[in-house]
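Trainee: Can you read through this structure? Questions will come right after.
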Amino acid sequence: MNKTRRIESFIFDASRQKLDHLYIIRIFMVRHWPLTCHKAPLERRDRMEEKPQSADSLDSVDEDVLLSAVTHIEDRLTILREAEPYVMDMSAREASLSSRHGHTLQDKIELYELARDLGIHDFGLPNFFAFPSVTDGFMEYLVEKNIPLDPFFSTIAVEPIVEDQPFPMGPAAHQTVHYQIPNVILLVEIRPSTIQSVGQTEDDALAGLSAHIRHYRNLLPPPDDRRGRIYIRLADPFDAYDEDPRFLLRVIKMLGQEDITGILFEDVKGTRFPFETYALVKLMRHYLPKPRKLLAHPHTANGTEDAAVLEALLAGGDGVWSGFTPQAAQGGHGSALMMLTNLMRARNPRVAQLYNTTRFQDVAERMWKIQDQLSIPPNTPVVGERAYRYVDKYFEQTDEPRDLDPALIGRTPGYQITPSWAPAYVIGKRLEELGYGSNITRNQALLGKMRALINEALIEGRYVDCDAPAEIEKLLTRAQDLVEDTPAPRDEHDAAAALTQRYR
């Protein structure tokens, strides 16, 4: 009996004996998605596990170890480099959940226009309610301005279908018909305990979801690339996995047989690990091959939301349904901004072809003002004030592997003098930014004395904002008084030397 037949036989027997379902799923995953290391011959893996005998030279075992690492990295970089990232923008929707300020109509309009001008083509509409809301005003604005509705999606909750009762049509469904919104997102909860709590069986839930898909397929325009699109939004796939992975698989398998555009899924609490996202997308892609889309939406909580988005792409996903900036739900989410800039670091050429990358910084700053009524926090990755304020030459990002040259997203990098560090190279560059001449910016004795004076203040217990132009001028004047000679300008000796030289 061959290997595949043995596995199939084992799964059948295990199921019949009611063995642990997680063990069965694990066997299933090994069969369908073997890791690279599983492909290596047994004797080669044994050799790779041997301890190297000498560091003087590389033998065949060393070469195998290196090849394994290089292959692992390059295979994944190739996927990211060749991805064609898709974004369904939720900037006008997601942040309204958690915003202390909410959105006025003008906010909604501006968020939409900012995202549109980046080159994003699809937009999730904010929620409709049983009472008037800003979303109604936004729809009236779109109609009044004769803006085509092809890019827009309404979100409609899948509700239980009750025999001899009209098909459930909530506020979002009614407004979808009223405004003739041509695309929908059907929001469904598939956690078995949730299904049970509303008095349904799992079979009822599957039948109801299928009926909703058919209902909106008949209501919407005939499907094409822009109209008649139906996405299924799985709100709780990870919770469903916890309770019954076999039912999760039933849902995904059924959706693979339905007439839908793709699946949107989320990690609502933001607590799952990135490798769980990878496995879920791999599972979904098996039953929903391209061109159907799989879009991720991991929330924040454990700080791995952007890594989870990358794992989704590596597993065969298409992108995100998210705001451009991270504000969303309770704390935030894996944003389009972070996904796209991470792909740029992987040297993905399609990002610049599809999106107006040089406006990323400008749009992020404006969206932050709308969402939080605040400037971007300084230490925010990529777009924060200090993201490209270099405190050492070692931190500079240009065009080396995995760098993101700030100019590509509309940033101008700079230098920051920090009191406890401030190498002479950085002090000189900061002075250069402020317009001082090379007789000062390349005077190593003068720069070294300024560094000493900065630390003198700390020794005395004084805090000095030594990066502020006025304070820099004071430090420079004092240093000039202490340095008798003014040697010829010269650059710091080997400014890119070993990091340990910064400790002089």
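A note on labels: chains of the structure tokens are A, B, ... as shown, every chain counts residues from 1, and ligands are counted from 1 in their shown order.
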Using DSSP assignments from the backbone, pull out every residue in segment 229-345 of chain A that falls under helix (DSSP H, G or I) and give it to me as a PyMOL selection string.
Mentor: chain A and resi 237-243+245-256+274-287+305-314+336-345
Trainee: I want to know what sits within 12 Å of Asp481 of chain A, based on only C-alpha atoms, with residues of the same chain fewer than 4 positions away left out; could you give that as a list in words?
Mentor: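 The contact residues come out as Leu446, Lys449, Met450, Leu453, Lys474, Leu475, Leu476, Thr477, Asp485 and Thr486 of chain A.
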Trainee: Convert the current residue selection to file output with C-alpha atoms, as an mmCIF file, in the first residue's frame.
Mentor:
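Once written, result-v7.cif looks like this:
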data_model
loop_
_atom_site.group_PDB
_atom_site.id
_atom_site.type_symbol
_atom_site.label_atom_id
_atom_site.label_comp_id
_atom_site.auth_asym_id
_atom_site.auth_seq_id
_atom_site.Cartn_x
_atom_site.Cartn_y
_atom_site.Cartn_z
ATOM 1 C CA LEU A 446 33.728 70.407 17.523
ATOM 2 C CA LYS A 449 32.805 68.419 22.188
ATOM 3 C CA MET A 450 29.087 68.951 21.546
ATOM 4 C CA LEU A 453 28.362 68.816 26.571
ATOM 5 C CA LYS A 474 23.555 77.052 22.375
ATOM 6 C CA LEU A 475 25.517 73.784 22.427
ATOM 7 C CA LEU A 476 27.427 74.781 19.320
ATOM 8 C CA THR A 477 28.359 78.180 20.739
ATOM 9 C CA ASP A 485 41.634 75.282 16.841
ATOM 10 C CA THR A 486 39.381 74.870 13.855
#
Trainee: Compile the contact shell of Val134 of chain A as a PyMOL selection string: residues with an atom at most 7 Å away, counting only C-alpha atoms, same-chain residues fewer than 4 positions apart removed.
Mentor: chain A and resi 104-105+138
Trainee: For the strand (DSSP E) assignment from backbone DSSP, which residues of segment 110-321 of chain A qualify? Please present them as a ChimeraX atom specification.
Mentor: /A:122-124,152-157,184-188,230-234,262-265,293-296,319-321
Trainee: Compare A:Val251, A:Leu374, A:Met344, A:Leu447 by their minimum atom-to-atom distance to Ile263 of chain A, counting only C-alpha atoms, and give me the closest one.
Mentor: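 Ranked by minimum distance to Ile263 of chain A, first place goes to A:Val251.
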Trainee: Measuring between only C-alpha atoms, which one of A:Asp491, A:Gln175, A:Pro401, A:Arg389 shows the shortest distance to Asn439 of chain A?
Mentor: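 For Asn439 of chain A, the nearest of the given residues is A:Asp491.
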Trainee: Could you check the closest approach to Asn302 of chain A for each of A:Phe123, A:Phe273, A:Tyr86, A:Tyr141 and tell me which residue wins, using only C-alpha atoms?
Mentor: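 So, comparing all the options, the nearest one is A:Phe273.
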Trainee: Find the residues near Thr358 of chain A: any atom within 10 Å, counting only C-alpha atoms, skip ones fewer than 6 places away on the same chain, and give them as a list in words.
Mentor: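 Everything that qualifies: Leu118, Ala352, Pro406, Ala407, Leu408, Ile409, Gly410 and Arg411 of chain A.
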Trainee: Quick one: everything within 12 Å of Ile109 of chain A, counting only C-alpha atoms, minus sequence neighbours fewer than 5 positions away in the same chain. Send it as a tab-separated table (two decimals) with C-alpha atoms, in the first residue's frame.
Mentor:
chain	number	residue	atom	x	y	z
A	91	SER	CA	-11.22	53.47	6.02
A	92	ALA	CA	-14.64	55.14	6.22
A	93	ARG	CA	-16.12	52.21	8.11
A	103	HIS	CA	-17.36	60.44	11.61
A	104	THR	CA	-19.27	63.35	10.16
A	114	LEU	CA	-8.14	59.91	0.08
A	115	ALA	CA	-8.28	56.15	-0.42
A	116	ARG	CA	-9.60	56.50	-3.97
A	125	LEU	CA	-19.67	51.01	3.01
A	126	PRO	CA	-20.24	51.94	6.66
A	134	VAL	CA	-24.23	59.43	8.39
A	135	THR	CA	-24.10	56.42	6.05
A	137	GLY	CA	-26.03	60.92	3.96
A	138	PHE	CA	-22.96	59.41	2.33
A	139	MET	CA	-25.13	57.41	-0.06
A	140	GLU	CA	-27.12	60.55	-0.92
A	141	TYR	CA	-23.82	62.31	-1.63
A	142	LEU	CA	-22.70	59.52	-4.00
A	145	LYS	CA	-22.58	63.55	-7.46
A	147	ILE	CA	-20.54	58.69	-8.59
A	367	MET	CA	-6.45	59.93	7.98
A	370	ILE	CA	-9.69	62.37	11.00
Trainee: State, in Å with one decimal place, the distance from atom CA of Leu280 of chain A to atom CA of Ala205 of chain A.
Mentor: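 Distance between the two atoms: 20.5 Å.
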Trainee: Write out as a list in words the residues lying within 9 Å of Thr300 of chain A, counting only C-alpha atoms and excluding same-chain residues fewer than 3 positions away.
Mentor: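 Once the nearby chain positions are removed, what remains is Asp267, Val268, Lys269, Gly270, Thr271, Gly303, Thr304, Glu305, Asp306, Pro326, Ala328, Gln330, Gly331, Gly332, His333 and Gly334 of chain A.
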